[in-house]
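Dumped work_14.txt below, it's compact mmCIF, C-alpha atoms:
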```txt
# COMPACT_ATOMS: atom_id res chain seq x y z
CA MET A 620 8.19 -8.56 15.33
CA ILE A 621 6.43 -7.56 12.11
CA TYR A 622 3.63 -9.78 10.80
CA ASP A 623 2.35 -9.41 7.26
CA VAL A 624 -1.41 -10.02 7.29
CA THR A 625 -1.86 -9.10 3.63
CA LEU A 626 -2.99 -11.59 0.99
CA PRO A 627 -0.49 -11.95 -1.86
CA ILE A 628 -1.97 -10.59 -5.09
CA SER A 629 -1.75 -12.79 -8.17
CA ALA A 630 -3.99 -14.19 -10.85
CA GLY A 631 -6.27 -16.75 -9.22
CA LEU A 632 -6.81 -14.89 -5.95
CA PRO A 633 -10.56 -15.21 -5.29
CA VAL A 634 -12.61 -12.05 -5.85
CA TRP A 635 -16.19 -11.15 -5.11
CA PRO A 636 -18.37 -12.81 -7.78
CA GLY A 637 -18.51 -10.56 -10.83
CA ASP A 638 -15.66 -8.29 -9.75
CA VAL A 639 -12.54 -7.74 -11.86
CA GLU A 640 -9.97 -10.52 -11.39
CA PRO A 641 -6.40 -9.41 -10.62
CA GLN A 642 -3.94 -9.37 -13.47
CA ILE A 643 -0.26 -8.45 -13.47
CA VAL A 644 0.44 -7.90 -17.15
CA GLY A 645 3.89 -7.82 -18.74
CA GLN A 646 4.85 -4.68 -20.71
CA ALA A 647 8.58 -5.36 -21.08
CA SER A 648 10.69 -8.35 -20.13
CA ILE A 649 14.40 -9.09 -19.95
CA PRO A 650 13.94 -12.68 -21.16
CA GLY A 651 12.04 -11.17 -24.11
CA GLY A 652 14.99 -8.93 -25.04
CA ASP A 653 14.10 -5.72 -23.21
CA SER A 654 16.60 -4.06 -20.89
CA TYR A 655 14.25 -4.22 -17.89
CA ASN A 656 11.15 -5.98 -16.59
CA LEU A 657 7.97 -3.90 -16.42
CA THR A 658 4.34 -4.77 -15.64
CA TYR A 659 1.03 -3.06 -15.22
CA LEU A 660 -1.91 -3.98 -13.04
CA ARG A 661 -5.59 -4.51 -13.59
CA LEU A 662 -7.24 -4.84 -10.20
CA SER A 663 -10.53 -4.23 -8.50
CA SER A 664 -10.22 -1.57 -5.81
CA HIS A 665 -11.50 -4.39 -3.54
CA THR A 666 -8.80 -6.93 -4.40
CA GLY A 667 -7.48 -9.18 -1.66
CA THR A 668 -6.70 -7.28 1.53
CA HIS A 669 -8.47 -3.97 1.05
CA LEU A 670 -10.09 -1.08 2.87
CA ASP A 671 -13.63 0.20 2.30
CA ALA A 672 -14.21 3.94 2.68
CA PRO A 673 -17.66 5.39 3.44
CA LEU A 674 -17.97 6.35 -0.25
CA HIS A 675 -18.42 2.63 -1.02
CA MET A 676 -21.99 2.82 0.32
CA TYR A 677 -22.80 6.55 0.45
CA ALA A 678 -22.55 9.06 -2.38
CA GLY A 679 -20.55 12.12 -1.33
CA ALA A 680 -19.04 10.39 1.70
CA PRO A 681 -15.26 10.29 2.36
CA ALA A 682 -13.12 8.46 -0.20
CA ILE A 683 -9.97 6.43 0.49
CA ALA A 684 -7.56 9.35 0.09
CA ASP A 685 -9.65 11.42 2.52
CA LEU A 686 -9.10 9.06 5.47
CA PRO A 687 -6.81 10.39 8.21
CA LEU A 688 -3.73 8.21 8.69
CA ASP A 689 -4.13 8.18 12.47
CA ARG A 690 -7.22 6.05 12.00
CA LEU A 691 -5.15 3.48 10.13
CA ILE A 692 -2.03 3.38 12.28
CA GLY A 693 -2.19 2.57 15.98
CA GLU A 694 -3.13 -0.01 18.55
CA CYS A 695 -5.54 -2.80 17.60
CA TRP A 696 -7.03 -5.88 19.18
CA VAL A 697 -7.08 -9.21 17.36
CA SER A 698 -10.00 -11.31 18.61
CA ARG A 699 -9.99 -15.04 17.96
CA LEU A 700 -13.61 -16.11 17.57
CA PRO A 701 -14.49 -19.81 17.88
CA ASP A 702 -14.47 -21.69 14.58
CA ARG A 703 -18.16 -22.55 14.98
CA VAL A 704 -19.18 -18.85 14.85
CA ARG A 705 -20.28 -17.94 11.34
CA ARG A 706 -22.91 -15.29 12.04
CA ILE A 707 -21.19 -12.78 14.30
CA GLY A 708 -23.77 -11.02 16.44
CA ALA A 709 -23.68 -8.90 19.56
CA ALA A 710 -23.62 -11.96 21.85
CA GLU A 711 -20.57 -13.41 20.12
CA LEU A 712 -18.71 -10.10 20.35
CA GLN A 713 -19.77 -9.60 23.96
CA ALA A 714 -18.45 -13.08 24.82
CA ALA A 715 -15.14 -12.51 23.07
CA GLY A 716 -13.45 -10.55 25.84
CA ILE A 717 -12.65 -7.56 23.64
CA PRO A 718 -11.01 -4.91 25.88
CA SER A 719 -13.09 -1.83 26.51
CA GLY A 720 -11.68 1.19 24.70
CA THR A 721 -10.68 -0.87 21.65
CA ARG A 722 -10.68 1.47 18.63
CA ARG A 723 -9.49 -0.99 15.99
CA LEU A 724 -10.80 -4.56 16.07
CA LEU A 725 -9.63 -7.39 13.83
CA LEU A 726 -11.74 -10.54 13.85
CA ARG A 727 -9.97 -13.83 13.30
CA THR A 728 -12.50 -16.53 12.43
CA ALA A 729 -12.43 -19.91 10.73
CA ASN A 730 -12.18 -17.89 7.49
CA SER A 731 -8.43 -17.51 7.89
CA THR A 732 -7.90 -21.21 7.16
CA LEU A 733 -9.41 -20.60 3.70
CA TRP A 734 -6.15 -18.85 2.83
CA ASP A 735 -4.23 -22.10 3.24
CA HIS A 736 -5.20 -22.52 -0.40
CA PRO A 737 -5.27 -18.96 -1.74
CA HIS A 738 -6.23 -20.11 -5.21
CA TRP A 739 -9.42 -21.72 -4.07
CA GLU A 740 -12.62 -20.57 -5.63
CA PHE A 741 -14.70 -17.89 -3.92
CA ARG A 742 -16.52 -19.33 -0.89
CA SER A 743 -19.95 -18.10 0.13
CA ASP A 744 -20.07 -19.79 3.55
CA TYR A 745 -17.60 -17.44 5.23
CA ALA A 746 -18.08 -15.88 8.67
CA ALA A 747 -19.09 -12.20 8.88
CA LEU A 748 -20.99 -9.66 10.96
CA LEU A 749 -24.72 -9.71 11.44
CA PRO A 750 -26.17 -6.19 11.48
CA GLU A 751 -26.46 -6.41 15.25
CA GLY A 752 -22.75 -7.22 15.39
CA ALA A 753 -21.96 -4.21 13.22
CA GLN A 754 -24.15 -2.10 15.52
CA TRP A 755 -22.23 -3.41 18.54
CA VAL A 756 -19.01 -2.14 16.93
CA VAL A 757 -20.61 1.21 16.06
CA ASP A 758 -21.94 1.63 19.60
CA ARG A 759 -18.41 1.33 20.97
CA GLY A 760 -17.18 4.21 18.83
CA MET A 761 -14.53 2.21 17.01
CA ASP A 762 -12.52 3.58 14.10
CA LEU A 763 -12.06 0.36 12.16
CA VAL A 764 -13.13 -3.26 12.06
CA GLY A 765 -11.32 -5.94 10.10
CA ILE A 766 -12.18 -9.48 9.07
CA ASP A 767 -10.43 -12.39 7.41
CA TYR A 768 -12.59 -12.87 4.32
CA LEU A 769 -13.74 -10.55 1.58
CA SER A 770 -16.76 -8.91 3.25
CA VAL A 771 -17.96 -7.70 6.64
CA ASP A 772 -21.45 -8.81 5.53
CA LEU A 773 -22.63 -12.39 5.24
CA PHE A 774 -22.98 -13.55 1.64
CA GLU A 775 -26.75 -13.91 1.98
CA ALA A 776 -27.07 -10.29 3.26
CA ASP A 777 -27.40 -8.90 -0.23
CA LYS A 778 -28.37 -5.39 0.84
CA LEU A 779 -25.04 -5.14 2.72
CA PRO A 780 -26.56 -4.00 6.03
CA SER A 781 -23.36 -4.32 8.05
CA HIS A 782 -21.48 -2.23 5.48
CA ARG A 783 -24.22 0.40 5.72
CA LEU A 784 -24.17 0.52 9.51
CA LEU A 785 -20.39 0.64 9.79
CA LEU A 786 -19.59 3.04 6.97
CA GLY A 787 -22.60 5.21 7.78
CA ALA A 788 -21.09 5.71 11.24
CA GLY A 789 -17.62 6.30 9.83
CA VAL A 790 -16.24 2.92 10.94
CA LEU A 791 -13.82 1.73 8.26
CA ALA A 792 -14.09 -1.86 7.03
CA LEU A 793 -10.85 -3.74 6.45
CA GLU A 794 -11.51 -6.93 4.51
CA GLY A 795 -9.48 -9.88 3.27
CA LEU A 796 -7.01 -10.13 6.15
CA ASP A 797 -4.88 -13.23 6.57
CA LEU A 798 -4.82 -13.77 10.34
CA ARG A 799 -3.82 -17.44 10.32
CA LEU A 800 -0.63 -16.90 12.29
CA ILE A 801 -1.86 -14.21 14.67
CA PRO A 802 -2.70 -15.18 18.26
CA GLU A 803 -5.38 -13.17 20.02
CA GLY A 804 -4.03 -10.03 21.62
CA CYS A 805 -2.94 -6.43 21.28
CA TYR A 806 -0.79 -5.33 18.34
CA GLY A 807 0.27 -2.22 16.51
CA LEU A 808 -1.72 -1.96 13.27
CA ILE A 809 -0.29 -0.35 10.16
CA CYS A 810 -2.91 -0.34 7.41
CA LEU A 811 -1.78 1.53 4.33
CA PRO A 812 -4.16 1.55 1.34
CA LEU A 813 -3.06 2.98 -1.99
CA ARG A 814 -3.65 6.73 -2.04
CA LEU A 815 -6.38 6.62 -4.69
CA MET A 816 -8.12 9.96 -5.22
CA GLY A 817 -11.90 9.72 -5.18
CA ALA A 818 -12.01 5.93 -4.86
CA GLU A 819 -14.44 4.08 -2.59
CA GLY A 820 -11.91 1.40 -1.67
CA ALA A 821 -8.29 0.44 -2.20
CA PRO A 822 -6.01 -2.55 -1.93
CA ALA A 823 -3.83 -2.16 1.14
CA ARG A 824 -0.69 -3.56 2.65
CA VAL A 825 -1.42 -4.36 6.26
CA VAL A 826 1.07 -5.35 8.93
CA LEU A 827 0.89 -5.97 12.66
CA THR A 828 3.72 -5.21 15.03
CA SER A 829 4.37 -6.51 18.51
CA PRO A 830 7.10 -5.50 20.95
CA MET B 827 3.36 13.09 13.88
CA ILE B 828 2.60 11.09 10.73
CA TYR B 829 3.55 12.59 7.35
CA ASP B 830 2.16 11.17 4.13
CA VAL B 831 4.89 11.37 1.49
CA THR B 832 2.85 9.48 -1.13
CA LEU B 833 1.66 11.05 -4.37
CA PRO B 834 -2.12 10.91 -4.76
CA ILE B 835 -3.05 8.60 -7.65
CA SER B 836 -5.51 9.92 -10.21
CA ALA B 837 -5.80 10.34 -13.95
CA GLY B 838 -3.31 12.98 -15.00
CA LEU B 839 -0.52 12.01 -12.62
CA PRO B 840 2.64 12.09 -14.75
CA VAL B 841 4.10 8.71 -15.68
CA TRP B 842 7.31 7.67 -17.33
CA PRO B 843 6.97 8.33 -21.07
CA GLY B 844 5.26 5.35 -22.69
CA ASP B 845 4.13 3.76 -19.45
CA VAL B 846 0.47 3.00 -18.67
CA GLU B 847 -1.39 6.07 -17.34
CA PRO B 848 -3.37 5.56 -14.14
CA GLN B 849 -7.09 5.03 -14.46
CA ILE B 850 -9.70 4.54 -11.74
CA VAL B 851 -12.64 3.11 -13.67
CA GLY B 852 -16.24 2.98 -12.45
CA GLN B 853 -17.92 -0.44 -12.36
CA ALA B 854 -20.99 0.50 -10.29
CA SER B 855 -22.22 3.84 -9.02
CA ILE B 856 -24.88 4.98 -6.60
CA PRO B 857 -25.73 8.08 -8.69
CA GLY B 858 -26.16 5.65 -11.63
CA GLY B 859 -28.71 3.55 -9.71
CA ASP B 860 -26.50 0.88 -8.18
CA SER B 861 -26.61 0.14 -4.45
CA TYR B 862 -22.89 0.84 -3.99
CA ASN B 863 -19.94 2.55 -5.64
CA LEU B 864 -17.27 0.25 -7.09
CA THR B 865 -14.18 0.91 -9.20
CA TYR B 866 -11.28 -0.96 -10.67
CA LEU B 867 -7.74 0.18 -11.38
CA ARG B 868 -5.45 0.16 -14.36
CA LEU B 869 -2.01 1.20 -13.21
CA SER B 870 1.61 0.72 -14.07
CA SER B 871 3.46 -1.08 -11.28
CA HIS B 872 5.63 2.08 -11.31
CA THR B 873 2.80 4.57 -10.78
CA GLY B 874 3.43 7.59 -8.57
CA THR B 875 5.19 6.68 -5.34
CA HIS B 876 6.51 3.20 -5.98
CA LEU B 877 9.23 0.74 -5.05
CA ASP B 878 11.58 -1.01 -7.49
CA ALA B 879 12.65 -4.56 -6.62
CA PRO B 880 15.86 -6.09 -8.02
CA LEU B 881 13.70 -8.02 -10.54
CA HIS B 882 13.12 -4.70 -12.35
CA MET B 883 16.67 -4.90 -13.75
CA TYR B 884 17.75 -8.53 -13.24
CA ALA B 885 15.92 -11.67 -14.37
CA GLY B 886 15.48 -14.12 -11.51
CA ALA B 887 16.22 -11.50 -8.83
CA PRO B 888 13.88 -10.84 -5.88
CA ALA B 889 10.41 -9.53 -6.69
CA ILE B 890 8.35 -7.08 -4.65
CA ALA B 891 6.60 -9.73 -2.55
CA ASP B 892 9.98 -11.29 -1.71
CA LEU B 893 11.31 -8.21 0.08
CA PRO B 894 11.59 -8.51 3.87
CA LEU B 895 9.43 -5.98 5.68
CA ASP B 896 12.24 -5.00 8.05
CA ARG B 897 14.00 -3.40 5.09
CA LEU B 898 10.94 -1.23 4.49
CA ILE B 899 10.09 -0.23 8.05
CA GLY B 900 12.58 1.51 10.31
CA GLU B 901 14.74 4.56 10.78
CA CYS B 902 15.57 6.73 7.77
CA TRP B 903 17.41 9.95 7.06
CA VAL B 904 15.87 12.66 4.88
CA SER B 905 18.63 14.70 3.24
CA ARG B 906 17.80 18.11 1.82
CA LEU B 907 20.09 18.65 -1.16
CA PRO B 908 20.56 22.19 -2.50
CA ASP B 909 18.14 23.14 -5.27
CA ARG B 910 21.03 23.69 -7.68
CA VAL B 911 22.06 19.99 -7.49
CA ARG B 912 20.63 18.09 -10.42
CA ARG B 913 23.30 15.46 -11.01
CA ILE B 914 23.83 13.82 -7.62
CA GLY B 915 27.33 12.42 -7.41
CA ALA B 916 29.59 11.23 -4.62
CA ALA B 917 30.75 14.77 -3.80
CA GLU B 918 27.20 16.03 -3.35
CA LEU B 919 26.33 13.11 -1.07
CA GLN B 920 29.58 13.47 0.86
CA ALA B 921 28.81 17.16 1.44
CA ALA B 922 25.27 16.50 2.58
CA GLY B 923 26.08 15.53 6.16
CA ILE B 924 24.34 12.16 5.97
CA PRO B 925 24.92 10.39 9.29
CA SER B 926 27.20 7.37 9.14
CA GLY B 927 25.25 4.16 9.65
CA THR B 928 22.25 5.43 7.64
CA ARG B 929 20.48 2.39 6.17
CA ARG B 930 17.58 4.16 4.47
CA LEU B 931 18.23 7.47 2.73
CA LEU B 932 15.57 9.71 1.19
CA LEU B 933 16.80 12.53 -1.03
CA ARG B 934 14.80 15.73 -1.08
CA THR B 935 15.79 17.81 -4.09
CA ALA B 936 14.26 20.62 -6.11
CA ASN B 937 12.11 17.86 -7.65
CA SER B 938 9.65 18.00 -4.78
CA THR B 939 8.39 21.40 -5.89
CA LEU B 940 7.26 19.76 -9.15
CA TRP B 941 4.46 18.18 -7.10
CA ASP B 942 2.98 21.61 -6.39
CA HIS B 943 1.24 20.95 -9.69
CA PRO B 944 0.76 17.19 -9.73
CA HIS B 945 -1.00 17.25 -13.06
CA TRP B 946 1.92 18.78 -14.86
CA GLU B 947 3.36 16.91 -17.78
CA PHE B 948 6.30 14.60 -17.26
CA ARG B 949 9.52 16.60 -16.77
CA SER B 950 12.84 15.31 -18.03
CA ASP B 951 15.05 17.83 -16.17
CA TYR B 952 14.61 16.28 -12.74
CA ALA B 953 17.44 15.62 -10.27
CA ALA B 954 18.70 12.05 -9.83
CA LEU B 955 21.76 9.97 -9.01
CA LEU B 956 24.83 9.77 -11.18
CA PRO B 957 26.27 6.24 -11.19
CA GLU B 958 29.00 7.43 -8.83
CA GLY B 959 26.27 8.62 -6.45
CA ALA B 960 24.56 5.24 -6.64
CA GLN B 961 27.92 3.58 -5.95
CA TRP B 962 28.40 5.84 -2.92
CA VAL B 963 25.09 4.54 -1.54
CA VAL B 964 26.03 0.91 -2.34
CA ASP B 965 29.42 1.33 -0.65
CA ARG B 966 27.72 2.36 2.57
CA GLY B 967 25.68 -0.86 2.67
CA MET B 968 22.32 0.85 2.66
CA ASP B 969 19.01 -1.03 2.34
CA LEU B 970 17.06 1.60 0.46
CA VAL B 971 17.40 4.94 -1.29
CA GLY B 972 14.47 7.18 -2.13
CA ILE B 973 14.05 10.20 -4.36
CA ASP B 974 11.35 12.74 -5.11
CA TYR B 975 10.81 12.17 -8.83
CA LEU B 976 10.06 9.11 -10.89
CA SER B 977 13.57 7.66 -11.31
CA VAL B 978 16.85 7.27 -9.44
CA ASP B 979 18.55 7.68 -12.85
CA LEU B 980 18.84 10.90 -14.79
CA PHE B 981 16.59 11.03 -17.83
CA GLU B 982 19.55 11.08 -20.21
CA ALA B 983 21.00 7.92 -18.59
CA ASP B 984 19.05 5.63 -20.85
CA LYS B 985 20.85 2.45 -19.84
CA LEU B 986 19.69 3.04 -16.23
CA PRO B 987 23.15 2.67 -14.65
CA SER B 988 22.11 3.84 -11.18
CA HIS B 989 19.22 1.35 -11.16
CA ARG B 990 21.69 -1.39 -12.15
CA LEU B 991 24.19 -0.50 -9.44
CA LEU B 992 21.61 -0.15 -6.69
CA LEU B 993 19.38 -3.11 -7.48
CA GLY B 994 22.36 -5.29 -8.36
CA ALA B 995 23.63 -4.72 -4.83
CA GLY B 996 20.18 -5.29 -3.32
CA VAL B 997 19.57 -1.60 -2.51
CA LEU B 998 15.87 -0.92 -3.07
CA ALA B 999 14.88 2.17 -5.06
CA LEU B 1000 11.91 4.15 -3.78
CA GLU B 1001 10.76 6.64 -6.41
CA GLY B 1002 8.12 9.33 -6.67
CA LEU B 1003 8.21 10.59 -3.08
CA ASP B 1004 6.62 13.90 -2.19
CA LEU B 1005 9.02 15.42 0.33
CA ARG B 1006 7.90 19.05 0.02
CA LEU B 1007 6.93 19.36 3.66
CA ILE B 1008 9.71 17.29 5.21
CA PRO B 1009 12.62 19.08 6.88
CA GLU B 1010 15.98 17.34 6.83
CA GLY B 1011 16.38 14.88 9.68
CA CYS B 1012 15.75 11.46 11.12
CA TYR B 1013 12.31 9.85 10.80
CA GLY B 1014 10.62 6.49 11.05
CA LEU B 1015 9.96 5.19 7.55
CA ILE B 1016 6.99 2.97 6.76
CA CYS B 1017 7.09 1.97 3.11
CA LEU B 1018 4.38 -0.53 2.22
CA PRO B 1019 4.13 -1.57 -1.44
CA LEU B 1020 1.24 -3.70 -2.65
CA ARG B 1021 2.02 -7.39 -2.10
CA LEU B 1022 2.24 -8.25 -5.79
CA MET B 1023 3.53 -11.77 -6.45
CA GLY B 1024 6.31 -11.93 -9.00
CA ALA B 1025 6.20 -8.23 -9.86
CA GLU B 1026 9.30 -6.11 -10.39
CA GLY B 1027 7.78 -3.02 -8.78
CA ALA B 1028 4.68 -1.87 -6.97
CA PRO B 1029 2.87 1.31 -6.06
CA ALA B 1030 3.35 1.96 -2.35
CA ARG B 1031 1.91 4.03 0.43
CA VAL B 1032 4.79 5.67 2.24
CA VAL B 1033 4.64 7.58 5.51
CA LEU B 1034 7.21 9.13 7.81
CA THR B 1035 6.78 9.31 11.56
CA SER B 1036 8.51 11.55 14.06
CA PRO B 1037 8.23 11.53 17.84
```
For this file, write the structure as structure tokens.
Amino acid sequence: MIYDVTLPISAGLPVWPGDVEPQIVGQASIPGGDSYNLTYLRLSSHTGTHLDAPLHMYAGAPAIADLPLDRLIGECWVSRLPDRVRRIGAAELQAAGIPSGTRRLLLRTANSTLWDHPHWEFRSDYAALLPEGAQWVVDRGMDLVGIDYLSVDLFEADKLPSHRLLLGAGVLALEGLDLRLIPEGCYGLICLPLRLMGAEGAPARVVLTSP
Amino acid sequence: MIYDVTLPISAGLPVWPGDVEPQIVGQASIPGGDSYNLTYLRLSSHTGTHLDAPLHMYAGAPAIADLPLDRLIGECWVSRLPDRVRRIGAAELQAAGIPSGTRRLLLRTANSTLWDHPHWEFRSDYAALLPEGAQWVVDRGMDLVGIDYLSVDLFEADKLPSHRLLLGAGVLALEGLDLRLIPEGCYGLICLPLRLMGAEGAPARVVLTSP
């Protein structure tokens, strides 16, 4: 089984307030008399389902194209947190039954239901990691943590402390997952961001596989 | 082993003449006094390593986000054609020893060496499929054919006959592969284009795996 956990990109997909909104712009069109259809894209590097590299928070740190593929492809654990959990701290992660040795952790929260209406406005009341939750992930030596809205930090955490803790420790942040249909458990993760040279983030296509 | 066969995207990457050139544009920068680095992208949907959907040539045909993932993930054959072959016809494919039953075929030609200098200008003398070569692929019921420069059609084939034959039969065209380091043989293909709604093509991250 292959599950697509990527948000579809189109005009109207919510973006972080102030960020560039996605546009797929026509350059040539068959209905318009051209012999082929052709578009170009105007997108934030943090559009929809996307990966943050350490360069997002730290000058001189690794960029998207510098990340080794074996961090992005391999076993992961999808943890289904209770819908009431909005501020994800160490206690919530400890209680979640995450297997020891997990290197890639995807957090399914009540956020995923926000994608039932992908053209909703940006929501600021999404669930995300408290700094102590980010530290819990760092302390376990993980390679990657993913979440089902547009930030690993709570909206009110305007200094982005969870980003700083994670990316400072080299833990990649995968944001904007659609985990609505994914039961808790172990999967194969394939997370492939665009190979953007020198960029601090990139839109990605992300799929989960199960035997 | 995981091999990245994706061209790195940066300003200067050759594009089809007249198409939008890739730009990674700064929105916020730590050296400039911001608390994070942030960019946005301006890219043709056919930038670098990219996938063509049938909609590229046929109005109303499937778009990128409509393509089933099991067409894009699975076994493939990389065929190393002799460097002297520029016009790839049925005879050249017949002579190449491509295993019967191949569903995904990637053609490594002399084109790949063009990526030794990725910031070269666009080259019009690349190797590509003659229409009879495209028909050979269609006749074998393949899902996908890939090549190591920016088009499955020869530059002088300005009506794009190989595109029309392939996409008309539902054979996806994967263009702009970097196969320099890939010996002929069987691999696992993972081809993940951006999930662009309604688009006729999309930049993709493409990797090959071998046991």
### Message
For a quick test of understanding: name the residues of chain A lying within 6 Å of chain B when counting only C-alpha atoms, and present them as a ChimeraX atom specification.
### Response
/A:627-629,655-656,658-664,675-676,811,813-816,824
### Query
Using all atoms listed in the file, which of the listed residues (B:His989, B:Arg934, B:Arg929, B:Arg906) sits closest to Asp969 in chain B?
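Answer, going by the shortest atom-to-atom distance: B:Arg929.
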### Task
Would you list the residues near (-22.8, -12.6, -6.1) (no more than 10 Å away, in the coordinates of the file, using only C-alpha atoms) as a count of residues only?
9
### Query
Any idea what the distance is between CA of Cys805 in chain A and CA of Ser829 in chain A?
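Going from CA of Cys805 in chain A over to CA of Ser829 in chain A covers 7.8 Å.
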### Task
Please indicate the distance in Å from CA of Val841 in chain B to CA of Trp941 in chain B, rounded to one decimal place.
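We find that CA of Val841 in chain B and CA of Trp941 in chain B lie 12.8 Å from each other.
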### Task
Step by step: start from the point (14.8, 6.2, -4.2) in the file's coordinates, keep every protein, DNA or RNA residue that has an atom no farther than 7 Å from it, count all atoms listed in the file, and write the set as a list in words.
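Selection result: Leu932, Leu970, Val971, Gly972, Ile973, Val978, Ala999, Leu1000 and Glu1001 of chain B.
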### Task
Go ahead and compute the interatomic distance for CA of Leu691 in chain A and CA of Leu670 in chain A, in Å to one decimal.
9.9 Å
Using all atoms of range 709-726 of chain A that appear in the file, construct an axis-aligned enclosing box with 6 Å of padding on every side and provide its centre coordinates and edge lengths in Å, rounded to one decimal, as JSON.
```
{"center_x": -16.6, "center_y": -6.0, "center_z": 20.2, "size_x": 26.2, "size_y": 26.9, "size_z": 24.7}
```
### Message
Give me, as an NGL selection string, all polymer residues having an atom no more than 9 Å from range 702-704 of chain A, counting all atoms listed in the file and skipping those fewer than 4 positions away in the same chain.
### Response
:A and (711 or 728-730 or 746-747)
### Message
Restricting the calculation to all atoms listed in the file: of B:Pro908, B:Pro840, B:Gly967, B:Pro957, which residue gets closest to Leu933 in chain B?
### Response
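Of all the options, B:Pro908 lies closest to Leu933 in chain B.
For the residues A:Asp767, A:Asp758, A:Asp797, A:Glu751, ranking by smallest atom-to-atom distance to Arg706 in chain A using all atoms listed in the file places A:Glu751 first.
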Have range 879-892 of chain B completed to N, CA and C atoms, please, and pass it along as an mmCIF file, in the coordinates of the input.
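This is the output file selection.cif:
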```
data_model
loop_
_atom_site.group_PDB
_atom_site.id
_atom_site.type_symbol
_atom_site.label_atom_id
_atom_site.label_comp_id
_atom_site.auth_asym_id
_atom_site.auth_seq_id
_atom_site.Cartn_x
_atom_site.Cartn_y
_atom_site.Cartn_z
ATOM 1 N N ALA B 879 11.949 -3.377 -7.139
ATOM 2 C CA ALA B 879 12.650 -4.560 -6.620
ATOM 3 C C ALA B 879 13.781 -4.915 -7.592
ATOM 4 N N PRO B 880 14.749 -5.700 -7.129
ATOM 5 C CA PRO B 880 15.860 -6.090 -8.020
ATOM 6 C C PRO B 880 15.384 -6.728 -9.330
ATOM 7 N N LEU B 881 14.240 -7.400 -9.318
ATOM 8 C CA LEU B 881 13.700 -8.020 -10.540
ATOM 9 C C LEU B 881 13.469 -7.003 -11.661
ATOM 10 N N HIS B 882 13.326 -5.728 -11.321
ATOM 11 C CA HIS B 882 13.120 -4.700 -12.350
ATOM 12 C C HIS B 882 14.284 -4.704 -13.362
ATOM 13 N N MET B 883 15.498 -4.962 -12.868
ATOM 14 C CA MET B 883 16.670 -4.900 -13.750
ATOM 15 C C MET B 883 17.332 -6.248 -13.993
ATOM 16 N N TYR B 884 17.020 -7.249 -13.165
ATOM 17 C CA TYR B 884 17.750 -8.530 -13.240
ATOM 18 C C TYR B 884 16.773 -9.699 -13.234
ATOM 19 N N ALA B 885 16.773 -10.470 -14.305
ATOM 20 C CA ALA B 885 15.920 -11.670 -14.370
ATOM 21 C C ALA B 885 16.273 -12.605 -13.226
ATOM 22 N N GLY B 886 15.263 -13.153 -12.584
ATOM 23 C CA GLY B 886 15.480 -14.120 -11.510
ATOM 24 C C GLY B 886 15.788 -13.501 -10.160
ATOM 25 N N ALA B 887 15.916 -12.181 -10.101
ATOM 26 C CA ALA B 887 16.220 -11.500 -8.830
ATOM 27 C C ALA B 887 14.931 -11.348 -8.002
ATOM 28 N N PRO B 888 15.065 -10.945 -6.729
ATOM 29 C CA PRO B 888 13.880 -10.840 -5.880
ATOM 30 C C PRO B 888 12.809 -9.883 -6.426
ATOM 31 N N ALA B 889 11.570 -10.318 -6.292
ATOM 32 C CA ALA B 889 10.410 -9.530 -6.690
ATOM 33 C C ALA B 889 9.872 -8.776 -5.473
ATOM 34 N N ILE B 890 8.902 -7.911 -5.725
ATOM 35 C CA ILE B 890 8.350 -7.080 -4.650
ATOM 36 C C ILE B 890 7.894 -7.901 -3.444
ATOM 37 N N ALA B 891 7.144 -8.966 -3.674
ATOM 38 C CA ALA B 891 6.600 -9.730 -2.550
ATOM 39 C C ALA B 891 7.684 -10.515 -1.814
ATOM 40 N N ASP B 892 8.879 -10.582 -2.376
ATOM 41 C CA ASP B 892 9.980 -11.290 -1.710
ATOM 42 C C ASP B 892 10.756 -10.408 -0.735
#
```
